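Heads up, input-v4.pdb below (PDB, N, CA and C atoms, pLDDT in the B column):
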```
ATOM      1  N   MET A   1     -62.826 114.461  10.652  1.00 64.00           N
ATOM      2  CA  MET A   1     -61.604 113.664  10.680  1.00 64.00           C
ATOM      3  C   MET A   1     -60.730 114.103  11.847  1.00 64.00           C
ATOM      4  N   THR A   2     -60.086 113.156  12.415  1.00 79.00           N
ATOM      5  CA  THR A   2     -59.211 113.462  13.535  1.00 79.00           C
ATOM      6  C   THR A   2     -57.835 113.861  13.008  1.00 79.00           C
ATOM      7  N   VAL A   3     -57.049 114.404  13.897  1.00 77.00           N
ATOM      8  CA  VAL A   3     -55.702 114.840  13.528  1.00 77.00           C
ATOM      9  C   VAL A   3     -54.837 113.649  13.133  1.00 77.00           C
ATOM     10  N   ARG A   4     -55.017 112.547  13.814  1.00 78.00           N
ATOM     11  CA  ARG A   4     -54.236 111.344  13.483  1.00 78.00           C
ATOM     12  C   ARG A   4     -54.517 110.877  12.065  1.00 78.00           C
ATOM     13  N   ARG A   5     -55.767 110.885  11.711  1.00 77.00           N
ATOM     14  CA  ARG A   5     -56.142 110.423  10.379  1.00 77.00           C
ATOM     15  C   ARG A   5     -55.617 111.400   9.318  1.00 77.00           C
ATOM     16  N   LEU A   6     -55.626 112.696   9.608  1.00 79.00           N
ATOM     17  CA  LEU A   6     -55.105 113.686   8.666  1.00 79.00           C
ATOM     18  C   LEU A   6     -53.601 113.516   8.458  1.00 79.00           C
ATOM     19  N   LEU A   7     -52.885 113.127   9.488  1.00 81.00           N
ATOM     20  CA  LEU A   7     -51.446 112.905   9.364  1.00 81.00           C
ATOM     21  C   LEU A   7     -51.125 111.542   8.769  1.00 81.00           C
ATOM     22  N   ALA A   8     -52.005 110.577   8.977  1.00 84.00           N
ATOM     23  CA  ALA A   8     -51.748 109.221   8.499  1.00 84.00           C
ATOM     24  C   ALA A   8     -51.892 109.109   6.989  1.00 84.00           C
ATOM     25  N   ILE A   9     -52.785 109.873   6.395  1.00 86.00           N
ATOM     26  CA  ILE A   9     -53.005 109.776   4.944  1.00 86.00           C
ATOM     27  C   ILE A   9     -51.767 110.219   4.156  1.00 86.00           C
ATOM     28  N   PRO A  10     -51.188 111.404   4.406  1.00 85.00           N
ATOM     29  CA  PRO A  10     -49.975 111.773   3.652  1.00 85.00           C
ATOM     30  C   PRO A  10     -48.797 110.841   3.939  1.00 85.00           C
ATOM     31  N   LEU A  11     -48.711 110.345   5.159  1.00 85.00           N
ATOM     32  CA  LEU A  11     -47.640 109.416   5.498  1.00 85.00           C
ATOM     33  C   LEU A  11     -47.784 108.122   4.708  1.00 85.00           C
ATOM     34  N   ALA A  12     -48.996 107.623   4.590  1.00 87.00           N
ATOM     35  CA  ALA A  12     -49.235 106.399   3.822  1.00 87.00           C
ATOM     36  C   ALA A  12     -48.926 106.615   2.349  1.00 87.00           C
ATOM     37  N   VAL A  13     -49.277 107.777   1.822  1.00 86.00           N
ATOM     38  CA  VAL A  13     -48.984 108.086   0.413  1.00 86.00           C
ATOM     39  C   VAL A  13     -47.479 108.125   0.188  1.00 86.00           C
ATOM     40  N   CYS A  14     -46.736 108.725   1.100  1.00 85.00           N
ATOM     41  CA  CYS A  14     -45.271 108.786   0.979  1.00 85.00           C
ATOM     42  C   CYS A  14     -44.656 107.395   1.040  1.00 85.00           C
ATOM     43  N   LEU A  15     -45.129 106.557   1.938  1.00 86.00           N
ATOM     44  CA  LEU A  15     -44.595 105.203   2.052  1.00 86.00           C
ATOM     45  C   LEU A  15     -44.863 104.383   0.797  1.00 86.00           C
ATOM     46  N   VAL A  16     -46.055 104.531   0.232  1.00 84.00           N
ATOM     47  CA  VAL A  16     -46.376 103.817  -1.009  1.00 84.00           C
ATOM     48  C   VAL A  16     -45.490 104.321  -2.147  1.00 84.00           C
ATOM     49  N   ALA A  17     -45.279 105.629  -2.226  1.00 82.00           N
ATOM     50  CA  ALA A  17     -44.442 106.198  -3.285  1.00 82.00           C
ATOM     51  C   ALA A  17     -43.004 105.709  -3.162  1.00 82.00           C
ATOM     52  N   LEU A  18     -42.478 105.652  -1.950  1.00 80.00           N
ATOM     53  CA  LEU A  18     -41.117 105.157  -1.748  1.00 80.00           C
ATOM     54  C   LEU A  18     -41.010 103.677  -2.076  1.00 80.00           C
ATOM     55  N   GLY A  19     -42.027 102.920  -1.735  1.00 77.00           N
ATOM     56  CA  GLY A  19     -42.026 101.489  -2.043  1.00 77.00           C
ATOM     57  C   GLY A  19     -42.042 101.232  -3.536  1.00 77.00           C
ATOM     58  N   VAL A  20     -42.834 101.990  -4.259  1.00 77.00           N
ATOM     59  CA  VAL A  20     -42.906 101.824  -5.714  1.00 77.00           C
ATOM     60  C   VAL A  20     -41.604 102.287  -6.362  1.00 77.00           C
ATOM     61  N   ALA A  21     -41.005 103.346  -5.855  1.00 74.00           N
ATOM     62  CA  ALA A  21     -39.754 103.851  -6.424  1.00 74.00           C
ATOM     63  C   ALA A  21     -38.631 102.838  -6.250  1.00 74.00           C
ATOM     64  N   GLY A  22     -38.629 102.096  -5.169  1.00 70.00           N
ATOM     65  CA  GLY A  22     -37.592 101.091  -4.933  1.00 70.00           C
ATOM     66  C   GLY A  22     -37.710  99.894  -5.847  1.00 70.00           C
ATOM     67  N   CYS A  23     -38.890  99.641  -6.373  1.00 73.00           N
ATOM     68  CA  CYS A  23     -39.086  98.483  -7.258  1.00 73.00           C
ATOM     69  C   CYS A  23     -38.475  98.701  -8.633  1.00 73.00           C
ATOM     70  N   GLY A  24     -38.319  99.935  -9.055  1.00 72.00           N
ATOM     71  CA  GLY A  24     -37.824 100.215 -10.394  1.00 72.00           C
ATOM     72  C   GLY A  24     -36.320 100.343 -10.481  1.00 72.00           C
ATOM     73  N   GLU A  25     -35.610  99.999  -9.437  1.00 70.00           N
ATOM     74  CA  GLU A  25     -34.155 100.160  -9.449  1.00 70.00           C
ATOM     75  C   GLU A  25     -33.507  99.069 -10.292  1.00 70.00           C
ATOM     76  N   LYS A  26     -32.612  99.491 -11.166  1.00 77.00           N
ATOM     77  CA  LYS A  26     -31.923  98.552 -12.046  1.00 77.00           C
ATOM     78  C   LYS A  26     -30.574  98.190 -11.433  1.00 77.00           C
ATOM     79  N   PRO A  27     -30.055  97.013 -11.712  1.00 78.00           N
ATOM     80  CA  PRO A  27     -28.735  96.644 -11.189  1.00 78.00           C
ATOM     81  C   PRO A  27     -27.652  97.532 -11.796  1.00 78.00           C
ATOM     82  N   GLN A  28     -26.710  97.948 -10.960  1.00 81.00           N
ATOM     83  CA  GLN A  28     -25.638  98.832 -11.402  1.00 81.00           C
ATOM     84  C   GLN A  28     -24.353  98.034 -11.523  1.00 81.00           C
ATOM     85  N   VAL A  29     -24.152  97.423 -12.672  1.00 84.00           N
ATOM     86  CA  VAL A  29     -22.984  96.596 -12.919  1.00 84.00           C
ATOM     87  C   VAL A  29     -22.150  97.256 -14.007  1.00 84.00           C
ATOM     88  N   VAL A  30     -20.871  97.373 -13.762  1.00 80.00           N
ATOM     89  CA  VAL A  30     -19.975  97.981 -14.737  1.00 80.00           C
ATOM     90  C   VAL A  30     -19.571  96.935 -15.761  1.00 80.00           C
ATOM     91  N   ASN A  31     -19.713  97.285 -17.016  1.00 80.00           N
ATOM     92  CA  ASN A  31     -19.248  96.415 -18.092  1.00 80.00           C
ATOM     93  C   ASN A  31     -17.864  96.887 -18.508  1.00 80.00           C
ATOM     94  N   TYR A  32     -16.837  96.174 -18.085  1.00 76.00           N
ATOM     95  CA  TYR A  32     -15.460  96.562 -18.380  1.00 76.00           C
ATOM     96  C   TYR A  32     -15.073  96.036 -19.748  1.00 76.00           C
ATOM     97  N   LYS A  33     -14.598  96.940 -20.582  1.00 78.00           N
ATOM     98  CA  LYS A  33     -14.128  96.555 -21.907  1.00 78.00           C
ATOM     99  C   LYS A  33     -12.609  96.687 -21.927  1.00 78.00           C
ATOM    100  N   GLN A  34     -11.953  95.624 -22.300  1.00 80.00           N
ATOM    101  CA  GLN A  34     -10.498  95.640 -22.363  1.00 80.00           C
ATOM    102  C   GLN A  34     -10.061  96.591 -23.469  1.00 80.00           C
ATOM    103  N   GLY A  35      -9.176  97.479 -23.138  1.00 80.00           N
ATOM    104  CA  GLY A  35      -8.689  98.438 -24.122  1.00 80.00           C
ATOM    105  C   GLY A  35      -7.348  98.985 -23.697  1.00 80.00           C
ATOM    106  N   LYS A  36      -6.854  99.916 -24.461  1.00 77.00           N
ATOM    107  CA  LYS A  36      -5.561 100.516 -24.172  1.00 77.00           C
ATOM    108  C   LYS A  36      -5.792 101.880 -23.519  1.00 77.00           C
ATOM    109  N   TYR A  37      -5.018 102.180 -22.487  1.00 76.00           N
ATOM    110  CA  TYR A  37      -5.103 103.466 -21.810  1.00 76.00           C
ATOM    111  C   TYR A  37      -4.633 104.549 -22.770  1.00 76.00           C
ATOM    112  N   GLN A  38      -5.439 105.577 -22.948  1.00 74.00           N
ATOM    113  CA  GLN A  38      -5.111 106.611 -23.914  1.00 74.00           C
ATOM    114  C   GLN A  38      -4.726 107.927 -23.254  1.00 74.00           C
ATOM    115  N   GLY A  39      -4.507 107.915 -21.960  1.00 78.00           N
ATOM    116  CA  GLY A  39      -4.136 109.133 -21.255  1.00 78.00           C
ATOM    117  C   GLY A  39      -2.632 109.363 -21.285  1.00 78.00           C
ATOM    118  N   LYS A  40      -2.193 110.279 -20.455  1.00 80.00           N
ATOM    119  CA  LYS A  40      -0.779 110.621 -20.372  1.00 80.00           C
ATOM    120  C   LYS A  40      -0.020 109.474 -19.718  1.00 80.00           C
ATOM    121  N   PRO A  41       1.120 109.073 -20.270  1.00 80.00           N
ATOM    122  CA  PRO A  41       1.886 107.993 -19.643  1.00 80.00           C
ATOM    123  C   PRO A  41       2.485 108.456 -18.311  1.00 80.00           C
ATOM    124  N   ASP A  42       2.542 107.542 -17.367  1.00 83.00           N
ATOM    125  CA  ASP A  42       3.108 107.865 -16.056  1.00 83.00           C
ATOM    126  C   ASP A  42       4.623 107.949 -16.153  1.00 83.00           C
ATOM    127  N   SER A  43       5.172 108.920 -15.437  1.00 88.00           N
ATOM    128  CA  SER A  43       6.625 109.054 -15.360  1.00 88.00           C
ATOM    129  C   SER A  43       6.968 109.499 -13.944  1.00 88.00           C
ATOM    130  N   LEU A  44       8.214 109.352 -13.580  1.00 90.00           N
ATOM    131  CA  LEU A  44       8.646 109.763 -12.247  1.00 90.00           C
ATOM    132  C   LEU A  44       8.641 111.286 -12.159  1.00 90.00           C
ATOM    133  N   ALA A  45       8.470 111.806 -10.957  1.00 89.00           N
ATOM    134  CA  ALA A  45       8.333 113.249 -10.774  1.00 89.00           C
ATOM    135  C   ALA A  45       9.582 114.013 -11.197  1.00 89.00           C
ATOM    136  N   TRP A  46      10.746 113.427 -11.057  1.00 90.00           N
ATOM    137  CA  TRP A  46      11.986 114.127 -11.373  1.00 90.00           C
ATOM    138  C   TRP A  46      12.425 113.922 -12.825  1.00 90.00           C
ATOM    139  N   GLU A  47      11.657 113.218 -13.593  1.00 91.00           N
ATOM    140  CA  GLU A  47      11.993 113.035 -15.008  1.00 91.00           C
ATOM    141  C   GLU A  47      11.285 114.093 -15.842  1.00 91.00           C
ATOM    142  N   ASN A  48      11.830 115.312 -15.807  1.00 89.00           N
ATOM    143  CA  ASN A  48      11.283 116.409 -16.599  1.00 89.00           C
ATOM    144  C   ASN A  48      12.418 117.337 -17.010  1.00 89.00           C
ATOM    145  N   GLU A  49      12.099 118.423 -17.692  1.00 91.00           N
ATOM    146  CA  GLU A  49      13.141 119.332 -18.181  1.00 91.00           C
ATOM    147  C   GLU A  49      13.882 120.017 -17.044  1.00 91.00           C
ATOM    148  N   ARG A  50      13.178 120.329 -15.974  1.00 91.00           N
ATOM    149  CA  ARG A  50      13.796 121.084 -14.886  1.00 91.00           C
ATOM    150  C   ARG A  50      14.862 120.274 -14.150  1.00 91.00           C
ATOM    151  N   PHE A  51      14.566 119.020 -13.824  1.00 92.00           N
ATOM    152  CA  PHE A  51      15.493 118.214 -13.027  1.00 92.00           C
ATOM    153  C   PHE A  51      16.297 117.232 -13.867  1.00 92.00           C
ATOM    154  N   LYS A  52      15.886 116.959 -15.070  1.00 92.00           N
ATOM    155  CA  LYS A  52      16.618 116.094 -16.011  1.00 92.00           C
ATOM    156  C   LYS A  52      16.983 114.736 -15.402  1.00 92.00           C
ATOM    157  N   GLY A  53      16.072 114.156 -14.642  1.00 92.00           N
ATOM    158  CA  GLY A  53      16.289 112.831 -14.076  1.00 92.00           C
ATOM    159  C   GLY A  53      17.089 112.814 -12.785  1.00 92.00           C
ATOM    160  N   ASP A  54      17.428 113.976 -12.212  1.00 94.00           N
ATOM    161  CA  ASP A  54      18.224 114.045 -10.984  1.00 94.00           C
ATOM    162  C   ASP A  54      17.283 113.965  -9.777  1.00 94.00           C
ATOM    163  N   GLN A  55      17.227 112.792  -9.176  1.00 95.00           N
ATOM    164  CA  GLN A  55      16.304 112.562  -8.067  1.00 95.00           C
ATOM    165  C   GLN A  55      16.708 113.363  -6.836  1.00 95.00           C
ATOM    166  N   THR A  56      17.996 113.473  -6.548  1.00 96.00           N
ATOM    167  CA  THR A  56      18.428 114.197  -5.345  1.00 96.00           C
ATOM    168  C   THR A  56      18.095 115.681  -5.452  1.00 96.00           C
ATOM    169  N   ALA A  57      18.240 116.272  -6.630  1.00 95.00           N
ATOM    170  CA  ALA A  57      17.882 117.683  -6.799  1.00 95.00           C
ATOM    171  C   ALA A  57      16.384 117.881  -6.583  1.00 95.00           C
ATOM    172  N   TRP A  58      15.593 116.948  -7.073  1.00 95.00           N
ATOM    173  CA  TRP A  58      14.145 117.033  -6.887  1.00 95.00           C
ATOM    174  C   TRP A  58      13.793 116.918  -5.404  1.00 95.00           C
ATOM    175  N   GLU A  59      14.437 115.977  -4.691  1.00 96.00           N
ATOM    176  CA  GLU A  59      14.160 115.810  -3.264  1.00 96.00           C
ATOM    177  C   GLU A  59      14.557 117.049  -2.473  1.00 96.00           C
ATOM    178  N   MET A  60      15.685 117.661  -2.823  1.00 95.00           N
ATOM    179  CA  MET A  60      16.099 118.894  -2.141  1.00 95.00           C
ATOM    180  C   MET A  60      15.092 120.016  -2.395  1.00 95.00           C
ATOM    181  N   GLN A  61      14.601 120.114  -3.620  1.00 95.00           N
ATOM    182  CA  GLN A  61      13.598 121.126  -3.935  1.00 95.00           C
ATOM    183  C   GLN A  61      12.318 120.896  -3.134  1.00 95.00           C
ATOM    184  N   MET A  62      11.917 119.642  -2.971  1.00 94.00           N
ATOM    185  CA  MET A  62      10.717 119.328  -2.188  1.00 94.00           C
ATOM    186  C   MET A  62      10.919 119.685  -0.717  1.00 94.00           C
ATOM    187  N   ARG A  63      12.107 119.430  -0.192  1.00 92.00           N
ATOM    188  CA  ARG A  63      12.397 119.802   1.202  1.00 92.00           C
ATOM    189  C   ARG A  63      12.314 121.314   1.377  1.00 92.00           C
ATOM    190  N   GLN A  64      12.881 122.061   0.437  1.00 90.00           N
ATOM    191  CA  GLN A  64      12.837 123.523   0.511  1.00 90.00           C
ATOM    192  C   GLN A  64      11.392 124.020   0.448  1.00 90.00           C
ATOM    193  N   ARG A  65      10.610 123.415  -0.417  1.00 90.00           N
ATOM    194  CA  ARG A  65       9.213 123.819  -0.549  1.00 90.00           C
ATOM    195  C   ARG A  65       8.453 123.521   0.743  1.00 90.00           C
ATOM    196  N   ASN A  66       8.721 122.378   1.359  1.00 86.00           N
ATOM    197  CA  ASN A  66       8.051 122.029   2.615  1.00 86.00           C
ATOM    198  C   ASN A  66       8.442 122.975   3.736  1.00 86.00           C
ATOM    199  N   LEU A  67       9.704 123.378   3.782  1.00 81.00           N
ATOM    200  CA  LEU A  67      10.132 124.334   4.802  1.00 81.00           C
ATOM    201  C   LEU A  67       9.456 125.681   4.600  1.00 81.00           C
ATOM    202  N   ALA A  68       9.258 126.077   3.358  1.00 81.00           N
ATOM    203  CA  ALA A  68       8.618 127.362   3.080  1.00 81.00           C
ATOM    204  C   ALA A  68       7.141 127.341   3.457  1.00 81.00           C
ATOM    205  N   GLN A  69       6.545 126.165   3.575  1.00 84.00           N
ATOM    206  CA  GLN A  69       5.133 126.078   3.933  1.00 84.00           C
ATOM    207  C   GLN A  69       4.915 126.040   5.440  1.00 84.00           C
ATOM    208  N   ASN A  70       5.977 126.047   6.222  1.00 76.00           N
ATOM    209  CA  ASN A  70       5.875 126.060   7.670  1.00 76.00           C
ATOM    210  C   ASN A  70       5.631 127.503   8.119  1.00 76.00           C
ATOM    211  N   GLU A  71       4.502 127.765   8.739  1.00 78.00           N
ATOM    212  CA  GLU A  71       4.145 129.127   9.134  1.00 78.00           C
ATOM    213  C   GLU A  71       5.126 129.708  10.151  1.00 78.00           C
ATOM    214  N   TYR A  72       5.670 128.882  11.024  1.00 76.00           N
ATOM    215  CA  TYR A  72       6.613 129.388  12.016  1.00 76.00           C
ATOM    216  C   TYR A  72       7.913 129.827  11.354  1.00 76.00           C
ATOM    217  N   GLN A  73       8.340 129.133  10.325  1.00 67.00           N
ATOM    218  CA  GLN A  73       9.553 129.518   9.610  1.00 67.00           C
ATOM    219  C   GLN A  73       9.318 130.766   8.764  1.00 67.00           C
ATOM    220  N   ARG A  74       8.158 130.894   8.173  1.00 67.00           N
ATOM    221  CA  ARG A  74       7.885 132.014   7.273  1.00 67.00           C
ATOM    222  C   ARG A  74       7.787 133.336   8.019  1.00 67.00           C
ATOM    223  N   ILE A  75       7.309 133.323   9.245  1.00 70.00           N
ATOM    224  CA  ILE A  75       7.122 134.567   9.998  1.00 70.00           C
ATOM    225  C   ILE A  75       8.464 135.191  10.343  1.00 70.00           C
ATOM    226  N   ASN A  76       9.420 134.394  10.735  1.00 63.00           N
ATOM    227  CA  ASN A  76      10.720 134.929  11.156  1.00 63.00           C
ATOM    228  C   ASN A  76      11.512 135.263   9.981  1.00 63.00           C
TER     229      ASN A  76
END
```
As structure tokens, the full file:
Amino acid sequence: MTVRRLLAIPLAVCLVALGVAGCGEKPQVVNYKQGKYQGKPDSLAWENERFKGDQTAWEMQMRQRNLAQNEYQRIN
């Protein structure tokens, strides 16, 4: 047997295996069922015990946190 024929046989087997594997693929369709969301209800970020609904206090806290994450500010 020649080298070409030795390489062609495994290649042909792989191609046949891939072709057969592609035939068994099932359609992937999501079946959506109408229901009620059972997770945590969404609320605004500043509506918690710490800020008690004060949006400006929350925004100031976020600004302070962002400044603290600046490496140039933290070094000095």
Please enclose the listed atoms of range 12-15 of chain A in an axis-aligned box, pad each side by 6 Å, and write out the centre and the three edge lengths in Å, rounded to one decimal, as AutoDock Vina command-line options.
```
--center_x -46.9 --center_y 106.6 --center_z 2.4 --size_x 16.7 --size_y 16.4 --size_z 16.4
```
By how many Å are atom N of Thr56 in chain A and atom N of Tyr72 in chain A apart?
->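 Taking atom N of Thr56 in chain A and atom N of Tyr72 in chain A, their separation equals 26.4 Å.
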Please identify which residues in chain A DSSP calls alpha helix (DSSP H) from the backbone, and express them as a ChimeraX atom specification.
-> /A:3-23,55-68,71-75
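Note that the spacing between CA of Ala17 in chain A and CA of Val29 in chain A amounts to 25.4 Å.
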Can you work out the spacing between atom N of Arg4 in chain A and atom C of Val16 in chain A in Å, to one decimal?
->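 Result for atom N of Arg4 in chain A versus atom C of Val16 in chain A: 20.3 Å, one decimal.
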